Every structure is written in C-alpha cells, then in structure tokens.
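Shown next, in structure tokens, is the structure this report addresses.
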Protein chains: 2
Amino acid sequence: MVNSTSEQIKLPKTSESEKLKKIRHTTSHIMAMAVQKLFPKAQVTIGPWTENGFYYDFDHPEAFTEKDLKAIKKEMIKIINQKLPVIREEVSREEAETRIKAINEPYKLEILDSIHEPISLYYLGDKWWDLCAGPHLENTNEINPKAIELETLAGAYWRGDSNKQQLQRIYGTAWETPEQLAEYKRRKEEALKRDHRKLGKELGLFIFADQVGPGLPLWTPKGTILRSILEDFLKKEQVKRGYLQVVTPHIARVDLFKTSGHWQKYKEDMFPMMAEDEESASLERGFVLKPMNCPFHIQIYKSDLRSYRDLPMRLAEFGTVYRYEQSGELGGLTRVRGFTVDDSHLFVRPDQLDDEFLSVVDLILSVFKSLQLKNFKARLSFRDPESDKYIGSDEAWEKAEGAIRRAVQTLEMEYFEAPGEAAFYGPKLDFIFQDALEREWQLGTVQVDYNLPERFDLEYVDTDSSRQRPIMIHRAPFGSVERLIGILIEEYAGDFPLWLAPVQVRLLAVSNDFLPYTHEVCAKMQAVGIRAEVDLSGERLGKLIRNAEKDKIPVMAIVGANEIEANSLSIRTRASGELGAIPVTEVLDKITKAIASFGNF
Amino acid sequence: MVNSTSEQIKLPKTSESEKLKKIRHTTSHIMAMAVQKLFPKAQVTIGPWTENGFYYDFDHPEAFTEKDLKAIKKEMIKIINQKLPVIREEVSREEAETRIKAINEPYKLEILDSIHEPISLYYLGDKWWDLCAGPHLENTNEINPKAIELETLAGAYWRGDSNKQQLQRIYGTAWETPEQLAEYKRRKEEALKRDHRKLGKELGLFIFADQVGPGLPLWTPKGTILRSILEDFLKKEQVKRGYLQVVTPHIARVDLFKTSGHWQKYKEDMFPMMAEDEESASLERGFVLKPMNCPFHIQIYKSDLRSYRDLPMRLAEFGTVYRYEQSGELGGLTRVRGFTVDDSHLFVRPDQLDDEFLSVVDLILSVFKSLQLKNFKARLSFRDPESDKYIGSDEAWEKAEGAIRRAVQTLEMEYFEAPGEAAFYGPKLDFIFQDALEREWQLGTVQVDYNLPERFDLEYVDTDSSRQRPIMIHRAPFGSVERLIGILIEEYAGDFPLWLAPVQVRLLAVSNDFLPYTHEVCAKMQAVGIRAEVDLSGERLGKLIRNAEKDKIPVMAIVGANEIEANSLSIRTRASGELGAIPVTEVLDKITKAIASFGNF
C-alpha cells in the first residue's frame, strides 16, 4: 500500500544516527535563538532531540500562534544562512553562573544546578548560547534549510510538574535532505489516515463509552464480525493441530494468583480486589479480575490424574483478561484495559518440549502468512542475569532459553536476543512486526515455563509409574485480538482483505426497478456464506459507488438492465478497480475462491 | 427416558393436596410419638410438612442411627395399627402451659410463646399430644403403613440458629398408596442418577476449583464443545432473524449502573466494587463486574444517531455476567456466580412492539423444539400493583403487560399470570419447563422495558424528523448457558442427542490389526464434521463397549474382519441398541442427517 519509490528512502531514528543527532541538536538551538530574537521576553528552558526531531520549551507571556511559527522558521533560515560557527566552551560552575546571571535566565540556573561537570556552553556565533552537552555540527550552514520544519505547538510544565510554571513547547524536525523531510511528512500524513482510532470510527468497528471507562472497547456488529472471523480462523487451525478449547471464569480468589505468583509480582497491574468488607480486604480474602489465563488452565489440568499418554495436552481459550493500565497510557486498541488473548497452554513432557515449541512457532508463522504480515523478526526475550526479579532455578532458565534458541535456528528465522526482556516466570520468543510505515509492533509470543508447574505441583504418571513434572508452554499468535485488529486496520489502511472484510460485497442497483434481481443475487451470495448486502438508500449510482468506496467495501456489484439480461454483475473492486460484466456464477466462484485463499477478487 | 407406565402415576405436592397435608401432618406426629416411646429422653421441637413429605427435629443426647430409623418405623406401624383417634382440643394459653409443664418439654413452651390463638393440641389416642395447628386425619388407621417411609437423618439447630442447641432431624415421607410411594422412590433414585453435578463429573464436562471460588465453573474440552454447539446453533438462528452480534466488556464504571438503576436496586447482588483506595470507594468511583448486559448494548445503540429505518435493531451477545449469590446458595450449574446469558436487546418503535415480541417468542419456541423440551408453560410475571419497588409509569407498565398478554394469546400458549414476579424495570414472560421427573425449572425469558430507554435518554429520528423514544425488549431463550446445560444433563440423563454429544461416534477395533481401517473411517467422519474418535486403549471388545456405554457415546462403530471386507461398520447406538453391519457411506449419511434434524441415528 506504500508506493515502491518512497519505500527506498530510509528514515533513521535519532538514536541510530550520529549525524541526525548533531543536526537536530543544532537546529533546536537555532530555533531557540530565533525565538528569542523575535520574542525578547521568551526564556528558554530545555530543548532535547526526539526520535524524529526535537522540541524546545519556552516561558513566554503570550501564546505563540501558527503565524509565529512561520516567522520563527523564516528567522531560522536567516541564522542558517549567516553561517554561524557552533562553538563549544567548557567553563567552571561559577563562570557558568556568572554568565547566566548576566543574561537573567533563571531556568538556566536551575538547569545548571542539576547537571554535572564538565559544564559546556554552545555558542551560535558569538552572542547566543545555551547550556548543552552536545553533540553539535560545526556551522549552522551544515543544515539544509529545505530539510527543516516546525511542526506543532503544545503546552508543557517546567520539570513536567503541573504545579510549576506553564511553558510553551514547539516541536520541529530536521533531516539530512529535503527528500527525507518529504518522506517523513508523507509517512506522518499516511499514519494519520491509517490511524485505527479514526478508521475504527469511520468504518463503525468499535466504540468507547465514558460510562464504561477508558481502555474498554465495545465491539459493534461490524467489529464483532471481524473478531469472530479471526477467532474462528485460529480455532480451525488449532483443531487441526490437536488443541482443545476450554472456557474459564474472568475472576478468581486472590489465592489462585498467590499460588501462581502473579499477586506478588504483578499486583500493581491488576484491577483492585473485590472484597466484601474491610476485614476481608485486609486479609486479602476477595476476588480479582484475571490478568492472565494460565492459572485457570492449570486448574483444568490438575482436575484429573494425567498420564504420559495424555501429553502433550494443549488447552486453548480466547480468554478476556483485565489489566489496570494507567488511564494516561490508554489509546485506541493497542493499549487497553480489557483484551482477549488467543491463549493456549501446552502441558508437555520434557522429551516433547523441542517438537512442541517448533510446532507452535510453525503455527504462528502460518497465521502471519494468512494475515499477509510479512515483515517481522523474532525477539528472544531472555532474563537479565544480573537481576533477581525472576522466579525459578538457573538450570530451568537455561533449558528454556535453549529450547527457544534451537527453534528459531531450526526454522532459520531472523532473530535477536534481548536480555532483560523475559517475563518474571520464564523466557519468551516475541514476534516484532514492522508495518508499511516502518513502525514496530509486538504481535504473538511463545513462552517456556518451568515455574508454574512447580508452583502448582503439576504431575503426570510416567511409563514407569513414577510421578513427573510437565513443562508448560504459553503461547498467543495474535497476542491480543484487540491489538491485532488495531494493527491490521493500520497496516491495511482499513482495506481489509476479502476474507476479513465485515461486508464483502455491496450490491448496487442502477434503479429501484432492478432491486428484485439484486436481492435475488444477494440471497445467492449469502447462501454460500458471502457477507453481501444491498444498498437500499435509493441514491444515484455515482453516490452509491462513492459511499461504497468510503466504506471500503472490497467488492461492488452493479446491477443494470444489461446485467440482468446477461445474468451477470458489473464488478468494481477496491484492489483492482473496474472489472466489467462477469456472469453471476463466475462472480460467486471467484469470491469464494479468493476468500478461501486469503486473497483478493 | 421415563417408562410410560410410571408416567401415569401423579405425585402431587403437599401444597396441592389437602389429603396429603393431613396424611403427612398425622404421620409426622406418629413418628414423634414413636421416637418418644423408644427414646424417652427425646424432646420434640417442630415437625412441619415439606412438599414431598415431612420432618421432625428432636433434642436427644445420643445420635440416632440408621438402625434406630428402622425401629422407629416399626413402632409407627404399631401405632397406626392401634387405630388411635386423632383428637383436636382447643385450650387457653394458661391451660397449654400447665399441660406442657406437666410433661416437662421446654421447647414446647417456647413454641407456645410464638403462636397465636386459637391454641390447639392434637392427641393421638389419649396420652401423646403435641401443639399443632393441623389439619390431621381422624384416625391413625387412615394411613397406609405400606405408603410411609423414613428417609434420612440430618443435623439442625433450634430455631435454625447455629448458636442454639443442636437437634437431630428425621426426614420421612407418606403417600396415599404404596404405588405412589414406589413411584416417589423411583423418581428420587432417578434424580440422583441424573444429578448434573454427578454426571458432569463422570462425563468430564466441567469442574469447580477451590482456588477459583464457589459458583465459578471451569469448562473442560468436552463441556466447551457442548457450550459451543449450543451457542453456534442459537447464533445461526439469530443471524437468520436479523440479529447482530456484539462484544462488550465484563466491567464498567459504577456510573453506568447508576444511570441504569441497577446500582440502586440490585447492588447487594453485585460483586463488591473495585476501587483504587478508600476515597474512591467512598465516592463510588470504581469499576464493577456487570450483572447484566443491557447498559452495554445501550451504549452501542447510543453511539450513533439512529433513524426509524434502523429499527428494529437487535443486538445480541453471549455475555458473561457475574452475580454475588451467597455461597450457601450455590450448587452445580443451576445456581452460579458467573454465567453466560444468551442475551439480546431489541430496540423497537412502538408500532413494531407486538410483531417483534411475537417473533421473539416464536424464536424461543423453535429453540425449545430443537432441544426436545416439550413440557413447559409461560409465566406472565407482572408487577404487584400494591408494591412501590418498581420504576417507570403506570401507563408504560400497562402497555408492556398488554403486549405480553397479546403474544401468548395469539400463539395460543398455556400460560398463567404471576403478579409480583416482574423485574423492577419491567414485566416478563418466563418459560417454566417441567422435566421428566416433574420438577420445574425456569428457562428463557422475554421482557418489555420502557424504563431503560427513558433513563438513558434513547432516541431515534422519526419519519417527520421528530425525536422519538424506542422501546427495549430484553430476551434470552436459554436464560443462562450454564443453567441450560445443567437442566439438559438432567433431562437427558447424560444421554445427549447426537447433535449435542461432545463425542458423537466412537470407533472400536476388534483387534489392533484393524486400526488402520478404523482410523481411515474416523478421518472420513471428521472430514464431514462428525465428532468421531478411535478407542486406542487396546482393551478387548467387551470392555471397549462397556467403556463407551459408561461414557454415554451415542454411536459405537465396531470394526472387525467382516466389516473391513464389506466396507461397513457394525453399529450399536444408545438410543436403539444393536443395528448390525451397515455400509460406511450409509452410516455417514444417516449420522449427518440425524444431526441436521436434531434427531438420533
């Protein structure tokens, strides 16, 4: 969906490019200098780089306007063209204090208090300077004036503290070349167009409601179709691979999570306890919403004596869990407080671990393929050997990390190891997906766990009648249904492939006279499981088509006199445009084939 | 599943038969007299009738044994045979007190304190008597000694208060005829066999776990299949009738339930609030588990401006709700703390109310038909005109009750009106099902609601562009998936009809040599969607068959040399026994047809 020429322009992050770090540092100083030139009452505070640009916070009595931004940029270009040298000077704390007092900038004094030696000042030319650790370019003229832009105005507080002075923040960006800037702007615009919160609303997929609460999406009929297709698809794949579906409650006694260890390690991320009274609360005798499904699946495993013949036992559930994310962190579907994990827990014998792990990864790869998600890599989230936050023995961790490493090597996947990124109860293999705009998202995960079987004293009877401990594999290809849908909306820019589209075909009658035939064809489509609908608004064809385009319906089937005569439909698709008149039977055939192959008409 | 001869014996409840009331009252006195004769230290307390018999609570220093029960019954028969007259004597409070003191029965004194005039004593013969309001037979010989039975011993507390004296309760029963007693015993035994808690465990359908909590079932793989079939079946019926599935969270801010009125009227039945701290708790700023789905569906309705053309809008969800039943009240699946309502809320225009109500009832009737539930009647749960616990105007209540009455009259259903049984927000039509053992269960429900649309200020734009208020219909054919499954297990005695059976066919190979062919046939069955499995235990045929019988597998398909040669299967079904060898293709055909028609092989 991104055209191929622009895909070739790489946009490194600031942290990945020493050059960009210098450009952005220097451009931010140029902006501050320009602001103080145009607005002598403005005081500068801090001005760091961000991954895509920079910002500076100013204390200024009047609010800056969009018009001001234009003037500031003009002034910046002047400064660039003045070819001012950027000069670093290292000074003593006393000298710095003297110079700050000379220009009467109290914020700089506070900043000085909080920085360590060496204290460096950067001058632009011989007058304007700021406290800064650098690095910088050597001359303002190293900046391409066509590769900079001032972006937005925002409010901020001194030291990020809402009890302190309110400041005005100006966001800007700067690149090596005008082409990079153009590509950056194009991607920003594209990201805005693809924003799943915006598209989710336009396409009527989900809503949020104040009275329900932040981070708790409600799925409308269209969004529910999307969820169901994804869930049914995965369920079918799982049945083929011997998974067994289960259903478990959304709450349990605190006790369950004490045994699992979640209560001790994870309590702050859980919703508050439900306790009858203060005494129960203080004794922690109450119920909690589940943040994870594992302890429930464990109860089912434990409900009977298992034999080596019963393993591997693969219990699966689309289990809705609740986590108490801070409301400030919530936005759309990618960060929510209630979400459905396409969860499964595999109880395996030690001799089955490698095979089962491999087959889980194989399932996940096949799911991604059907979803047309191609650009991903595997992150091996291992423990930080220095930290003591993990539970379980060193030996168990080594075995588990070994199984993960062997799987990705066997499958020849692109991977990297990330020490310190493991869950507290075991190492993980996480799938990181990079979207069309080069943004990274975490999708599925697979985890090996020797700890929960220990904590819950899980057993099976081995061939020699001895009691043995199974190993658990936690896995979720989607990760979360909500998050996945958010990512898919953005990746597809709302243009769902045929098999996922809530409405696959909209039939458009050129005139109301043709509605009986149109309804007849619609019923034929529905009878073979195609999600088809007839537009009954009675609008003229042009408007009908525009509405279908707006609703991103993959296939439009137009019915006029010629089509009725020929028992055909004039087809227009989002993917391939006008396809002309096609016999009804052929249309049905092509659509069902496209759906079955996860492709397009 | 109940044989036809025994079905003809009616077993009225005590409350339905003046005769049985007298028999049971008198028999309980006979029992008390017998106990005091055999155990002179025993003091009698209370001895009321129950719907199927009676009990008496005694204070006695030694625990009664099963052997004692036999002796007591023998003594009772003696008393019956003595043909003692039963004589009522009305006395003054003082006289009663004098007589009680004479026989030194302190419990009777306490009872005397709590009863009103007239005070009546009933004598059996001229010595033994008890305080009693009657009614009684005229002579002990009116009781058939072959129609009485002492059933069980249990503990009880004086006045039901666990701080008071512990008593011993003896349960007994008495009928008009020995045939009634025999039928009563048969049904008790049958009910025990059908107990869904027992069968649920034996068939491996669900479990409870201490650490999860009481009333919170966990569904095993087999039970989950059963749930899914029921849910998918209803979903399909609903799609045909224009319902739209939605998915909503299990929690919301307390605010939502304040607007709906649940918080004010229903709080004690809700799980305690989840509040971050004491201040939030006291301000009721927290989240609660949903006890109902309605306010969520309302949020979806309200998320857009609706037009008269959008109605009726039928939003449906298998929504899991949580209610804080007291743990003492919980047992099996028929009373739980978390359950899934096959919920739907229809938003309709006033002119659509009657039609939509009718069509909802029609859907429910067709669901019951598929489930083979035939014996039910409709309870019209109306408001108690005397009570002030209801919300909404008199006019709205009358309209709603009228719509319900018209629907059952149009459909010529058996119904009765139950004033005072309505929900606080509207009248209901409840379906009361009577099972094979003549026990009554509440199944589906339909409710008309003018109140929530008012409280949430719901609107639609009418033909004349004016804003109008829609009416809501709440409905759930199953009521609760959990409860329905509990009832179905008991009604079918665990013998699920083919379409519902978690495992439909078990293939039994006479020898391991025949396993390849057996697996091949199994794969053919699975390919057409039949839930088939091969028994791999390697046991001999007799054992294989016994195990399949024990697991109540509807169809056994036996594979031996003859079957392989003839490309057939020897079929044995739970419903019809041995059916002999049948060609594989015919077996497949018969099974798929039986499933599609909700019938048996």
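Within each chain, counting starts at residue 1; across the structure tokens, chains are named A, B, ... in the order shown, with ligands numbered 1 upward in that order.
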
Could you work out which residues of chain B fall inside 7 Å of chain A? Count only C-alpha atoms, and format the result as a CSV table (one decimal) with N, CA, C and O atoms, in the first residue's frame.
```csv
chain,number,residue,atom,x,y,z
B,209,ALA,N,-13.2,-25.4,41.2
B,209,ALA,CA,-11.9,-25.4,41.8
B,209,ALA,C,-11.9,-24.5,43.0
B,209,ALA,O,-12.3,-23.3,42.9
B,211,GLN,N,-9.6,-22.8,44.5
B,211,GLN,CA,-8.8,-21.6,44.4
B,211,GLN,C,-9.5,-20.6,43.5
B,211,GLN,O,-9.2,-19.4,43.6
B,212,VAL,N,-10.4,-21.0,42.6
B,212,VAL,CA,-11.1,-20.1,41.8
B,212,VAL,C,-12.3,-19.6,42.5
B,212,VAL,O,-12.5,-18.3,42.5
B,213,GLY,N,-13.0,-20.5,43.2
B,213,GLY,CA,-14.1,-20.0,44.0
B,213,GLY,C,-15.4,-20.7,43.7
B,213,GLY,O,-15.6,-21.3,42.7
B,216,LEU,N,-18.2,-20.8,40.3
B,216,LEU,CA,-17.5,-20.3,39.1
B,216,LEU,C,-17.0,-21.6,38.3
B,216,LEU,O,-15.8,-22.0,38.5
B,218,LEU,N,-15.4,-24.1,35.6
B,218,LEU,CA,-14.4,-24.1,34.5
B,218,LEU,C,-14.8,-25.2,33.6
B,218,LEU,O,-15.1,-26.3,34.0
B,219,TRP,N,-14.9,-24.9,32.3
B,219,TRP,CA,-15.4,-25.8,31.3
B,219,TRP,C,-14.3,-26.5,30.6
B,219,TRP,O,-13.4,-25.9,30.0
B,220,THR,N,-14.3,-27.9,30.8
B,220,THR,CA,-13.3,-28.7,30.2
B,220,THR,C,-13.5,-28.8,28.7
B,220,THR,O,-14.5,-28.3,28.2
B,221,PRO,N,-12.6,-29.4,27.9
B,221,PRO,CA,-12.7,-29.5,26.5
B,221,PRO,C,-14.1,-30.1,26.1
B,221,PRO,O,-14.7,-29.5,25.2
B,224,THR,N,-16.9,-27.6,26.8
B,224,THR,CA,-16.7,-26.5,25.9
B,224,THR,C,-17.3,-26.7,24.5
B,224,THR,O,-18.0,-25.9,23.9
B,244,LEU,N,-27.8,-8.9,15.3
B,244,LEU,CA,-26.4,-8.5,15.1
B,244,LEU,C,-25.6,-8.8,16.4
B,244,LEU,O,-26.0,-8.3,17.4
B,245,GLN,N,-24.5,-9.6,16.2
B,245,GLN,CA,-23.7,-9.9,17.4
B,245,GLN,C,-22.8,-8.8,17.8
B,245,GLN,O,-22.3,-8.1,16.9
B,246,VAL,N,-22.7,-8.5,19.1
B,246,VAL,CA,-21.7,-7.5,19.6
B,246,VAL,C,-20.9,-8.2,20.7
B,246,VAL,O,-21.2,-9.3,21.2
B,247,VAL,N,-19.8,-7.5,21.1
B,247,VAL,CA,-19.0,-8.0,22.2
B,247,VAL,C,-18.7,-6.8,23.1
B,247,VAL,O,-18.3,-5.7,22.7
B,248,THR,N,-19.0,-6.9,24.4
B,248,THR,CA,-18.8,-5.8,25.3
B,248,THR,C,-18.0,-6.3,26.6
B,248,THR,O,-17.9,-7.5,26.9
B,249,PRO,N,-17.4,-5.3,27.3
B,249,PRO,CA,-16.5,-5.7,28.4
B,249,PRO,C,-17.3,-6.3,29.6
B,249,PRO,O,-18.6,-6.2,29.6
B,252,ALA,N,-17.5,-2.2,34.1
B,252,ALA,CA,-17.8,-0.8,33.8
B,252,ALA,C,-17.7,0.0,35.0
B,252,ALA,O,-17.7,-0.5,36.1
B,253,ARG,N,-17.6,1.3,34.8
B,253,ARG,CA,-17.7,2.3,36.0
B,253,ARG,C,-19.0,2.1,36.7
B,253,ARG,O,-20.1,1.9,36.0
B,255,ASP,N,-20.9,4.3,37.6
B,255,ASP,CA,-21.7,5.3,37.0
B,255,ASP,C,-22.7,4.7,36.0
B,255,ASP,O,-23.9,5.1,36.0
B,256,LEU,N,-22.2,3.7,35.2
B,256,LEU,CA,-23.1,3.1,34.2
B,256,LEU,C,-24.3,2.5,34.9
B,256,LEU,O,-25.5,2.6,34.4
B,271,PHE,N,-21.1,-8.1,42.6
B,271,PHE,CA,-19.8,-8.3,43.3
B,271,PHE,C,-19.3,-6.9,43.9
B,271,PHE,O,-19.7,-5.9,43.3
B,272,PRO,N,-18.6,-6.9,44.9
B,272,PRO,CA,-18.1,-5.7,45.5
B,272,PRO,C,-17.3,-4.9,44.5
B,272,PRO,O,-16.7,-5.4,43.5
B,273,MET,N,-17.4,-3.5,44.6
B,273,MET,CA,-16.7,-2.6,43.7
B,273,MET,C,-15.2,-2.8,43.8
B,273,MET,O,-14.6,-3.1,44.8
B,274,MET,N,-14.6,-2.5,42.6
B,274,MET,CA,-13.1,-2.4,42.6
B,274,MET,C,-12.7,-0.9,42.7
B,274,MET,O,-13.0,-0.2,41.7
B,275,ALA,N,-12.2,-0.5,43.8
B,275,ALA,CA,-11.8,0.9,43.9
B,275,ALA,C,-10.3,1.0,44.3
B,275,ALA,O,-9.8,0.1,45.0
B,276,GLU,N,-9.7,2.0,43.8
B,276,GLU,CA,-8.2,2.1,44.0
B,276,GLU,C,-7.8,2.3,45.4
B,276,GLU,O,-6.8,1.8,45.9
B,299,GLN,N,-25.2,1.4,25.2
B,299,GLN,CA,-24.1,2.3,24.8
B,299,GLN,C,-23.8,2.2,23.3
B,299,GLN,O,-23.5,3.2,22.6
B,300,ILE,N,-23.9,1.0,22.7
B,300,ILE,CA,-23.7,0.8,21.3
B,300,ILE,C,-24.9,1.5,20.5
B,300,ILE,O,-24.6,2.2,19.5
B,338,GLY,N,-21.1,-16.9,38.1
B,338,GLY,CA,-20.7,-16.3,36.8
B,338,GLY,C,-21.4,-17.2,35.7
B,338,GLY,O,-21.3,-18.4,35.8
```

Query raised in the report: Tell me, which residues of region 486-580 of chain B carry DSSP strand (DSSP E), written as a list in words?
Result: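 Strand (DSSP E) assignments inside region 486-580 of chain B correspond to Val505, Arg506, Leu507, Leu508, Ala509, Ala532, Glu533, Val534, Val555, Met556, Ala557, Ile558, Val559, Ser568, Leu569, Ser570, Ile571, Arg572, Thr573, Gly577, Glu578, Leu579 and Gly580 of chain B.
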
File dump, residues just selected, C-alpha atoms, as a compact mmCIF listing (two decimals), in the first residue's frame:
```txt
# COMPACT_ATOMS: atom_id res chain seq x y z
CA VAL B 505 -19.10 -41.66 17.43
CA ARG B 506 -16.52 -43.92 18.98
CA LEU B 507 -14.87 -46.42 16.69
CA LEU B 508 -13.92 -49.72 18.29
CA ALA B 509 -11.45 -52.05 16.56
CA ALA B 532 -15.56 -39.15 15.99
CA GLU B 533 -12.72 -40.79 17.88
CA VAL B 534 -10.94 -44.13 17.88
CA VAL B 555 -22.95 -44.25 18.40
CA MET B 556 -20.43 -47.10 18.63
CA ALA B 557 -18.98 -48.30 15.33
CA ILE B 558 -17.29 -51.67 15.60
CA VAL B 559 -14.63 -52.75 13.11
CA SER B 568 -19.11 -51.45 6.57
CA LEU B 569 -19.38 -50.82 10.31
CA SER B 570 -21.27 -52.75 12.98
CA ILE B 571 -23.39 -50.09 14.65
CA ARG B 572 -24.63 -50.01 18.22
CA THR B 573 -26.43 -46.91 19.46
CA GLY B 577 -29.15 -50.78 20.58
CA GLU B 578 -27.58 -53.18 18.05
CA LEU B 579 -28.25 -52.24 14.43
CA GLY B 580 -25.89 -54.74 12.76
```

Report task. Skip Glu89 (chain B) itself and residues of its chain fewer than 6 positions away, then list as a PyMOL selection string all residues within 8 Å of it, counting only C-alpha atoms. Result -> chain B and resi 120-123

Can you write just those residues out, N, CA, C and O atoms, as a PDB file, in the first residue's frame?
```pdb
ATOM      1  N   SER B 120     -54.281 -24.968  69.633  1.00  0.00           N
ATOM      2  CA  SER B 120     -54.873 -26.305  69.528  1.00  0.00           C
ATOM      3  C   SER B 120     -53.829 -27.377  69.808  1.00  0.00           C
ATOM      4  O   SER B 120     -52.662 -27.245  69.435  1.00  0.00           O
ATOM      5  N   LEU B 121     -54.280 -28.414  70.501  1.00  0.00           N
ATOM      6  CA  LEU B 121     -53.440 -29.588  70.737  1.00  0.00           C
ATOM      7  C   LEU B 121     -54.038 -30.726  69.932  1.00  0.00           C
ATOM      8  O   LEU B 121     -55.256 -30.793  69.755  1.00  0.00           O
ATOM      9  N   TYR B 122     -53.185 -31.576  69.437  1.00  0.00           N
ATOM     10  CA  TYR B 122     -53.696 -32.787  68.771  1.00  0.00           C
ATOM     11  C   TYR B 122     -53.223 -33.991  69.569  1.00  0.00           C
ATOM     12  O   TYR B 122     -52.027 -34.148  69.801  1.00  0.00           O
ATOM     13  N   TYR B 123     -54.174 -34.816  69.964  1.00  0.00           N
ATOM     14  CA  TYR B 123     -53.876 -36.051  70.694  1.00  0.00           C
ATOM     15  C   TYR B 123     -53.888 -37.225  69.741  1.00  0.00           C
ATOM     16  O   TYR B 123     -54.722 -37.298  68.845  1.00  0.00           O
TER      17      TYR B 123
END
```

Query raised in the report: For Phe357 (chain A), which residue out of A:Ile473, A:Met313, A:Tyr425, A:Asp342 is the nearest one, using only C-alpha atoms?
Result: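 Of all the options, A:Ile473 lies closest to Phe357 (chain A).
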
Query - Non-local contacts of region 140-155 of chain B (9 Å; only C-alpha atoms; under 4 positions in same chain excluded) as a PyMOL selection string - result: chain B and resi 23+26-27+30-31+57+64-66+69-70+72-73+76-77+79-86+124+166-182

Expected file: the selected residues, C-alpha atoms, as a compact mmCIF listing (two decimals), in the first residue's frame:
```txt
# COMPACT_ATOMS: atom_id res chain seq x y z
CA ILE B 23 -51.56 -37.63 55.92
CA THR B 26 -50.50 -37.08 61.09
CA THR B 27 -47.61 -39.31 60.06
CA ILE B 30 -46.94 -40.69 64.71
CA MET B 31 -43.20 -40.55 64.12
CA ASP B 57 -36.48 -32.10 64.90
CA PHE B 64 -29.88 -41.61 66.07
CA THR B 65 -28.63 -44.32 63.70
CA GLU B 66 -29.99 -45.93 60.56
CA LEU B 69 -34.84 -45.43 61.96
CA LYS B 70 -35.92 -49.00 61.27
CA ILE B 72 -38.94 -46.12 64.75
CA LYS B 73 -40.73 -47.12 61.57
CA MET B 76 -45.00 -46.22 63.82
CA ILE B 77 -46.72 -49.15 62.14
CA ILE B 79 -49.29 -47.01 66.35
CA ILE B 80 -51.12 -47.00 63.02
CA ASN B 81 -52.46 -50.45 63.72
CA GLN B 82 -53.66 -49.34 67.16
CA LYS B 83 -56.21 -47.25 65.25
CA LEU B 84 -55.75 -44.33 67.58
CA PRO B 85 -58.23 -41.49 67.14
CA VAL B 86 -56.67 -38.10 66.35
CA LEU B 124 -53.02 -39.44 69.27
CA GLN B 166 -28.10 -28.78 68.04
CA LEU B 167 -31.02 -31.04 67.16
CA GLN B 168 -31.47 -34.20 65.11
CA ARG B 169 -33.79 -34.07 62.17
CA ILE B 170 -35.56 -37.13 60.79
CA TYR B 171 -36.95 -36.82 57.27
CA GLY B 172 -39.84 -39.01 56.24
CA THR B 173 -42.50 -39.25 53.60
CA ALA B 174 -46.05 -40.53 53.39
CA TRP B 175 -48.42 -41.09 50.48
CA GLU B 176 -51.95 -42.20 49.84
CA THR B 177 -50.92 -45.50 48.26
CA PRO B 178 -47.92 -47.85 48.15
CA GLU B 179 -47.83 -47.23 44.36
CA GLN B 180 -47.29 -43.51 44.93
CA LEU B 181 -44.52 -44.25 47.42
CA ALA B 182 -42.85 -46.61 44.94
```

Report task. In Å, rounded to a single decimal, give me how far CA of Lys37 (chain A) is from CA of Asn104 (chain A). Result -> 15.3 Å

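If you measure from each of A:Gln504, A:Gly542, A:Leu333, A:Thr463 to Leu199 (chain A) using only C-alpha atoms, the closest one turns out to be A:Leu333.
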
Report task. Counting only C-alpha atoms, figure out which residue out of A:Gln442, A:Thr410, A:Ser17, A:Thr45 gets nearest to Arg483 (chain A). Result ->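 Among the listed residues, the smallest separation from Arg483 (chain A) belongs to A:Gln442.
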
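The spacing separating CA of Arg379 (chain A) from CA of Glu51 (chain A) amounts to 21.5 Å.
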
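CA of Gly444 (chain A) sits 16.1 Å away from CA of Cys294 (chain A).
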
Requested in this report: Could you find all residues in region 12-166 of chain B that DSSP calls alpha helix (DSSP H) from the backbone, and write them as a ChimeraX atom specification?
Outcome: /B:18-38,66-81,93-103,106-114

Query - Nearest candidate to Val367 (chain B) (options B:Glu110, B:Glu202, B:Glu438, B:Glu237; using only C-alpha atoms) - result: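 Smallest distance to Val367 (chain B) is found for B:Glu237.
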
Query - Nearest to Arg405 (chain A), chosen from A:Glu417, A:Glu356, A:Glu75, A:Asp161, with only C-alpha atoms counted in the distances - result: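 Checking each of A:Glu417, A:Glu356, A:Glu75, A:Asp161 against Arg405 (chain A), counting only C-alpha atoms, the winner is A:Glu417.
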